[in-house]
Amino acid sequence: MKYQYFPGCSLKGMGKAYEESFLAVSRALGVEVKELEDWNCCGATAYMSVDETKSYALAGRNLAIAERNAGDVIAPCSACYLVLNKTMNGLKEHTELNRKVTGALKSAGLDYKGTAKVRHPLDVLVNDVGLEKIKKHVKAPLSGMKFAAYYGCQVVRPYATFDDQDEPVTMDKLIAAAGAECVTWPLKTRCCGGSLTGTVPEAGLRLAYIILKEAKKRGAQAIVTPCPLCQFNLDGYQDQIAAKYERIDMPVLYFTQVLGLAMGLSASELGIKRGIISAEAVLAGR
Amino acid sequence: MTEKFEPRIVAFFCNWCTYTAADLAGVSRLKYAPNVSVIRVMCSGRVDPQFVLDAFARGADGVLLGGCHPGDCHYAEGNYKTLRRMRMLERMLKAMGIHDGRFRLEWISGAEGEKVRTVINEMTEKVRALGPLDLPGKTLEWDKELKELEAHVNQSAPKEEAVHAR
Amino acid sequence: MSDNKNKQADLPRVGFYICHCGSNIAGTIDVVEVSKYVSGLPGVAVSREYKYMCSDPGQEMIAQDIKDHKLERLVVAACSPNLHEETFRKAAAKGGLNPFFFQMVNIREHASWVHTDKGAATQKAMDLARAAVARVRHHQSLEKKRVPVDPNVLVVGGGIAGIHAALTLANAGKKVTLVEREATIGGHMALFDKTFPTLDCAACILTPKMSAVKSHPNIKLWTYSEVEKVEGYVGNYKVKVKRKPRYVNEDLCVGCMECIDACVFKEAKFPDKFNQGLGKRKPVYIDFPQATPKVVLLDPQTCIQLKTGKCKKSCAEVCDRKAFDFEQKEKFEEIQVGAIVLATGFKAYDAKRDHQYGYGRYPGVYTALEIERLVNASGPTSGEVVLRDGKKPKAVGIVHCVGSRDAKSNKWCSRVCCMYSLKLAHLIKEHSDAEVYNFYIDMRTPGKGYEEFYDKLLSEGVHFIRGRVSDVTDWAVTPEEEGRLVMRVEDTLAGFVRRIPVDMVVLSTGLEPQHDAQEVRRRFNIGCGSEGFFQERHPKLAPVNTFTDGIYIAGACQAPRDIPDTVAQAGAAAAEALALIDAGFVELEPNTSHVIEDECSGCKSCIPLCPYSAISFEENKKKAIINEVLCKGCGVCAAACPSGSIRQNLFEDDEIFSEIEGVLAK
């Protein structure tokens, strides 16, 4: 299994732990992952609302490079995943947009026909690698641990390509394969407040607090997520939330970290220590 | 010469699915390009490849053929025969220099009025971009070239009698 | 000029008529211009425009012109031939012209209604008219073929639509076979407790009709059976029906149900499908006490004898009629009918598809059909409204439009949900002390007495909240919400988001096409609309006809509808079938193909192409020959014949080539 990998800004910055754990897990499972050469900004959500066409062209450049190499491209960051998918669909549906974007790409000697597909690591792990194979690699099952699988909004909306929009289950399946338990809760795809924390902090913090509080109430020891923005938003503001509401102290992990731990990879390989709310106490208990 | 080129497209629609879909598009007041004239046949399987060739030869810039979806033919399997014939015809048309979407086969069910609109609009745009096919004009040109060539050959080649006379 | 005249003299004299259709055509197409243009075409003797060509004066004018101007061909440019081809053929005949010396030009559906540019639409109308004038010259004089109609009728589906259609036909003296897939007739209506808006009990009005079906001398009732195959054509259908094994001889069983008591399973332990899984049944069962026919059956999935062959068979022992037959196999029967009424009903939307409402996840969430059984006196709780754990709900929320009016699932309004939600609200109030909330988008009550019923509910203290429920969760934020279901909704009248804690949620699921509607429509050679319901021939003027003559549709298989409309439609379908049968014969379109014997080379290319095996090879002559009775007029053979010796009436090569030439001529 060979894939190209589009890190985007998150996985090289605040989502470093996601990159480390994603690559470590892929390596251990024998999934060949090669970083897309000369990639650029995915044209993410914010730029979309400033200049849509240019944003599509930016994303289109990444897709064109991926297509030149042939093979699916994995975008672990939810925002990248969404924007690249949106571009893929947008160029297919809107001929005028397609004309403009492919014209721009042509001037850079590139072309995008729509054959390179954008994939999410959850999709690849569950549908390509398969749960059976993953279970075979689980050497240190996380028995007795309880997690809240939190997907965020962008991986399932609006393009529910590999999971249900309202009640996604792929990550739950992976956590179960890792030997841990998932709490049942209705807030899997509820807004984490991510985009709001920077602009309207009182609204953003409230939304993050709702997620953290409910996860704790349901007995989760940590929240597990596939999204760098959710991870940062839920992990990084817990002091402010404590000052405003109450202290929760809930570690927020990437699902690749959880999977890596179960596969016997070391905490440092998986970037466990990068979290602001330490997961060490929770993980020590397993 | 500055007048905008308006393609002329001839369509053969089967009575049960695509013709009905075109009726539905009308009843639903969907708006589409006026460049396509529809000829009704009972089944797309009635469309002799010669009909398509004839349309091109008489000046059509495009030919559209519409039938029921595979498995849905009113006559059980007429559309499969259409598909077989038209695949072959496409190769022939290509050899004649008629391709790039000037001929199109579409399955449109009686419920797909919307699809009639999209297909007709898309095809009109595509053929418009390709420009006129003008097979009748070309045929005249080719005829003229042939005649000139013939005349030229007749003139320059030594006459048989002359050769004998030598 | 004189040369042109001479030419014209050789051509048949054509009359051209273009219709304004009020402003439907004339609003977009310059009909006067078109008429003027056509009058100059070779062979055209008369060219006229008229406000409504299909009206009596319009037809009269055509008939008179044919006589006065000795017209030999007729072209009418108006609406789709699917609508008025027959009308103008009759007008031609009235004028003394063979009706097939006529060609129709569709300038309404295919031009004026779909184009906005008047110039281009007028040009297109001229092109099409010119093509028709060129084509019609080649038309031949043809006769319609008459075939007799078998007077027997097949009704498929034993819900209220099928029951009503079968009874109507049988009362008119026709022999009817009613085929029903389930073990009993009654359909969805048999599940209901009361019916809106009159609140009369469904069983009280349905079961008498069910027993009338059973006892009617003209009705053959085949339950637990499915149509396998349909062959033939209008008036002459051959139908193969699969009869599934009940493992009980239907003729012997009297429905005493002693076998059910005697079953080795002392307790009923398997989910009862009829009660939507809310109750339990044994391997030997009957759906409900008034099931028709009142005959038990065995479930092969759970019956020990059928699964392992090792059971005491106490059910069979106790049966003094010796009705049990564990070796029974499915069997096939063939019937001949002239007409078929399809009344195959609907499927309720699968509430699990809307994850946000938690059906299947939270035990307190129910579908409307489950509540129908719950409030039913003969249901699993004898009409008591209790939750799955036996507790009584203090508050109940009814969610409208689940699987309806939703871009994510079904776009259509299911028409009955507002009314049945009101009915269920009333019944829940009647059967419990719970507070009842209705969450609606729009309240749709178009029907006799429907709005009045809504008014009545308003005065009964039921709460109405206008807004689509966003989700149902167990996410409690206040002590009052703990342990209950929380419904979140934007109250669009109050203008804010509300959280309403309840104990029971009822999802008013919409109506969908049956899961196998596509297979069924293929079997009967009819169409489905884009949403998957069976397609009527015309939404207004032929609502129970299909594109296949002799096959009629009734009830919710055509679109969501309530009981009064379903019954009305079933009556209409029966009347259409009767009209066909009582005429005694049908006239078939003479568009069949035939072989020009002299030109046939005997290559046999055509023979395997015919889906109806209508072409055979005459060994002594070494020629192909087409059986006109079997030919359905697709023309596939005509297109394939290498020597061009197969001709299809109405679609001859000459006709189509001149149409092509005509449409492209400038």
# chains A, B, ... in the order shown; residues from 1 in each chain; ligands from 1
$ interface_residues --of "chain C" --to "chain A" --cutoff "10 Å" --atoms "only C-alpha atoms" --output "PDB file with N, CA and C atoms, in the first residue's frame"
ATOM      1  N   ARG C 353     -31.988   5.730   9.463  1.00  0.00           N
ATOM      2  CA  ARG C 353     -31.152   6.523   8.562  1.00  0.00           C
ATOM      3  C   ARG C 353     -30.911   7.934   9.092  1.00  0.00           C
ATOM      4  N   ASP C 354     -31.811   8.436   9.918  1.00  0.00           N
ATOM      5  CA  ASP C 354     -31.606   9.762  10.513  1.00  0.00           C
ATOM      6  C   ASP C 354     -30.997   9.579  11.895  1.00  0.00           C
ATOM      7  N   HIS C 355     -29.668   9.452  11.922  1.00  0.00           N
ATOM      8  CA  HIS C 355     -28.985   9.149  13.183  1.00  0.00           C
ATOM      9  C   HIS C 355     -29.290  10.162  14.275  1.00  0.00           C
ATOM     10  N   GLN C 356     -29.525  11.399  13.851  1.00  0.00           N
ATOM     11  CA  GLN C 356     -29.678  12.459  14.848  1.00  0.00           C
ATOM     12  C   GLN C 356     -30.890  12.253  15.756  1.00  0.00           C
ATOM     13  N   TYR C 357     -31.827  11.393  15.321  1.00  0.00           N
ATOM     14  CA  TYR C 357     -33.003  11.179  16.153  1.00  0.00           C
ATOM     15  C   TYR C 357     -32.874   9.942  17.043  1.00  0.00           C
ATOM     16  N   GLY C 358     -31.747   9.242  16.916  1.00  0.00           N
ATOM     17  CA  GLY C 358     -31.420   8.184  17.876  1.00  0.00           C
ATOM     18  C   GLY C 358     -32.287   6.936  17.837  1.00  0.00           C
ATOM     19  N   ARG C 361     -30.986   3.523  18.954  1.00  0.00           N
ATOM     20  CA  ARG C 361     -29.941   3.782  19.951  1.00  0.00           C
ATOM     21  C   ARG C 361     -30.564   4.032  21.320  1.00  0.00           C
ATOM     22  N   ASP C 471     -31.801  17.420  17.044  1.00  0.00           N
ATOM     23  CA  ASP C 471     -31.410  16.081  17.483  1.00  0.00           C
ATOM     24  C   ASP C 471     -32.156  15.638  18.738  1.00  0.00           C
ATOM     25  N   VAL C 472     -32.081  14.342  18.960  1.00  0.00           N
ATOM     26  CA  VAL C 472     -32.622  13.738  20.171  1.00  0.00           C
ATOM     27  C   VAL C 472     -31.439  13.052  20.835  1.00  0.00           C
ATOM     28  N   THR C 473     -31.117  13.439  22.062  1.00  0.00           N
ATOM     29  CA  THR C 473     -29.948  12.849  22.735  1.00  0.00           C
ATOM     30  C   THR C 473     -30.275  12.566  24.199  1.00  0.00           C
ATOM     31  N   ASP C 474     -29.335  11.890  24.846  1.00  0.00           N
ATOM     32  CA  ASP C 474     -29.442  11.731  26.301  1.00  0.00           C
ATOM     33  C   ASP C 474     -28.461  12.695  26.974  1.00  0.00           C
ATOM     34  N   TRP C 475     -28.159  13.784  26.303  1.00  0.00           N
ATOM     35  CA  TRP C 475     -27.198  14.770  26.799  1.00  0.00           C
ATOM     36  C   TRP C 475     -27.918  15.757  27.720  1.00  0.00           C
ATOM     37  N   ALA C 476     -27.833  15.470  29.017  1.00  0.00           N
ATOM     38  CA  ALA C 476     -28.564  16.264  30.000  1.00  0.00           C
ATOM     39  C   ALA C 476     -27.693  17.383  30.526  1.00  0.00           C
ATOM     40  N   VAL C 477     -28.237  18.585  30.608  1.00  0.00           N
ATOM     41  CA  VAL C 477     -27.480  19.671  31.224  1.00  0.00           C
ATOM     42  C   VAL C 477     -28.163  20.211  32.482  1.00  0.00           C
TER      43      VAL C 477
END
$ interface_residues --of "chain B" --to "chain C" --cutoff "7 Å" --atoms "only C-alpha atoms" --output "tab-separated table (two decimals) with N, CA and C atoms, in the first residue's frame"
chain	number	residue	atom	x	y	z
B	22	ALA	N	-38.25	14.43	-22.48
B	22	ALA	CA	-38.25	15.75	-23.12
B	22	ALA	C	-39.63	16.41	-22.94
B	23	ASP	N	-40.68	15.60	-23.00
B	23	ASP	CA	-42.02	16.13	-22.71
B	23	ASP	C	-42.09	16.64	-21.27
B	26	GLY	N	-40.53	19.86	-20.78
B	26	GLY	CA	-41.45	20.89	-21.24
B	26	GLY	C	-42.50	21.22	-20.20
B	27	VAL	N	-43.13	20.18	-19.70
B	27	VAL	CA	-44.18	20.36	-18.69
B	27	VAL	C	-43.60	21.08	-17.47
B	29	ARG	N	-41.30	23.20	-17.57
B	29	ARG	CA	-40.83	24.51	-18.05
B	29	ARG	C	-39.34	24.71	-17.81
B	30	LEU	N	-38.55	23.64	-17.95
B	30	LEU	CA	-37.10	23.79	-17.87
B	30	LEU	C	-36.66	24.49	-19.15
B	31	LYS	N	-35.65	25.32	-19.04
B	31	LYS	CA	-35.22	26.06	-20.23
B	31	LYS	C	-33.90	25.51	-20.74
B	32	TYR	N	-33.84	25.26	-22.03
B	32	TYR	CA	-32.57	24.81	-22.61
B	32	TYR	C	-32.38	25.34	-24.02
B	33	ALA	N	-31.19	25.07	-24.55
B	33	ALA	CA	-30.79	25.63	-25.84
B	33	ALA	C	-31.71	25.15	-26.97
B	34	PRO	N	-32.06	26.03	-27.92
B	34	PRO	CA	-33.01	25.67	-28.98
B	34	PRO	C	-32.33	24.99	-30.18
B	37	SER	N	-33.15	19.48	-32.59
B	37	SER	CA	-34.46	19.08	-33.10
B	37	SER	C	-34.61	17.58	-32.92
B	42	MET	N	-39.65	4.67	-32.03
B	42	MET	CA	-40.25	3.91	-30.94
B	42	MET	C	-39.19	3.43	-29.96
B	43	CYS	N	-38.03	3.03	-30.51
B	43	CYS	CA	-36.97	2.48	-29.66
B	43	CYS	C	-35.66	3.00	-30.22
B	45	GLY	N	-33.25	1.39	-30.57
B	45	GLY	CA	-32.80	0.29	-31.42
B	45	GLY	C	-33.26	0.42	-32.87
B	46	ARG	N	-34.20	1.31	-33.14
B	46	ARG	CA	-34.65	1.55	-34.51
B	46	ARG	C	-33.64	2.42	-35.27
B	47	VAL	N	-32.76	3.07	-34.53
B	47	VAL	CA	-31.87	4.03	-35.18
B	47	VAL	C	-30.78	3.30	-35.94
B	48	ASP	N	-30.93	3.32	-37.23
B	48	ASP	CA	-29.97	2.74	-38.15
B	48	ASP	C	-28.76	3.68	-38.16
B	51	PHE	N	-28.88	6.60	-40.32
B	51	PHE	CA	-29.60	7.84	-39.97
B	51	PHE	C	-28.61	8.88	-39.46
B	55	ALA	N	-27.58	12.37	-41.22
B	55	ALA	CA	-27.74	13.68	-40.58
B	55	ALA	C	-26.46	14.50	-40.71
B	58	ARG	N	-26.02	15.75	-44.19
B	58	ARG	CA	-26.93	16.81	-44.60
B	58	ARG	C	-26.70	18.10	-43.81
B	59	GLY	N	-25.63	18.13	-43.03
B	59	GLY	CA	-25.27	19.40	-42.42
B	59	GLY	C	-25.43	19.51	-40.92
B	60	ALA	N	-25.75	18.41	-40.24
B	60	ALA	CA	-25.83	18.50	-38.79
B	60	ALA	C	-24.44	18.69	-38.21
B	72	ASP	N	-33.89	-1.07	-18.69
B	72	ASP	CA	-35.21	-0.45	-18.60
B	72	ASP	C	-35.90	-0.31	-19.94
B	74	HIS	N	-38.22	-0.44	-22.96
B	74	HIS	CA	-39.63	-0.83	-23.09
B	74	HIS	C	-39.74	-2.12	-23.89
B	75	TYR	N	-38.78	-2.35	-24.75
B	75	TYR	CA	-38.77	-3.56	-25.57
B	75	TYR	C	-37.69	-4.52	-25.07
B	76	ALA	N	-37.53	-4.56	-23.78
B	76	ALA	CA	-36.63	-5.48	-23.09
B	76	ALA	C	-35.14	-5.20	-23.33
B	77	GLU	N	-34.71	-5.21	-24.61
B	77	GLU	CA	-33.27	-5.10	-24.79
B	77	GLU	C	-32.85	-4.32	-26.02
B	78	GLY	N	-33.76	-3.51	-26.56
B	78	GLY	CA	-33.43	-2.75	-27.76
B	78	GLY	C	-32.24	-1.83	-27.56
B	111	ALA	N	-38.32	9.89	-16.36
B	111	ALA	CA	-38.43	10.78	-15.20
B	111	ALA	C	-37.33	11.84	-15.20
B	112	GLU	N	-36.40	11.75	-16.16
B	112	GLU	CA	-35.23	12.61	-16.09
B	112	GLU	C	-35.30	13.83	-17.02
$ residues_around --residues "Lys51 of chain C" --least-positions-apart "6" --cutoff "6 Å" --atoms "only C-alpha atoms" --output "list in words"
Cys19, His20, Cys21 and Gly22 of chain C
$ residues_around --residues "Gly271 of chain A" --least-positions-apart "5" --cutoff "7 Å" --atoms "only C-alpha atoms" --output "ChimeraX atom specification"
/A:17,20-21
$ atom_distance --atom1 "atom CA of Glu180 of chain C" --atom2 "atom CA of Lys352 of chain C"
27.2 Å
$ select_by_dssp --residues "segment 27-220 of chain A" --states "alpha helix (DSSP H)" --output "VMD selection string"
chain A and resid 27 to 29 45 to 48 52 to 69 78 to 93 95 to 107 121 to 123 131 to 137 170 to 177 194 to 197 201 to 217
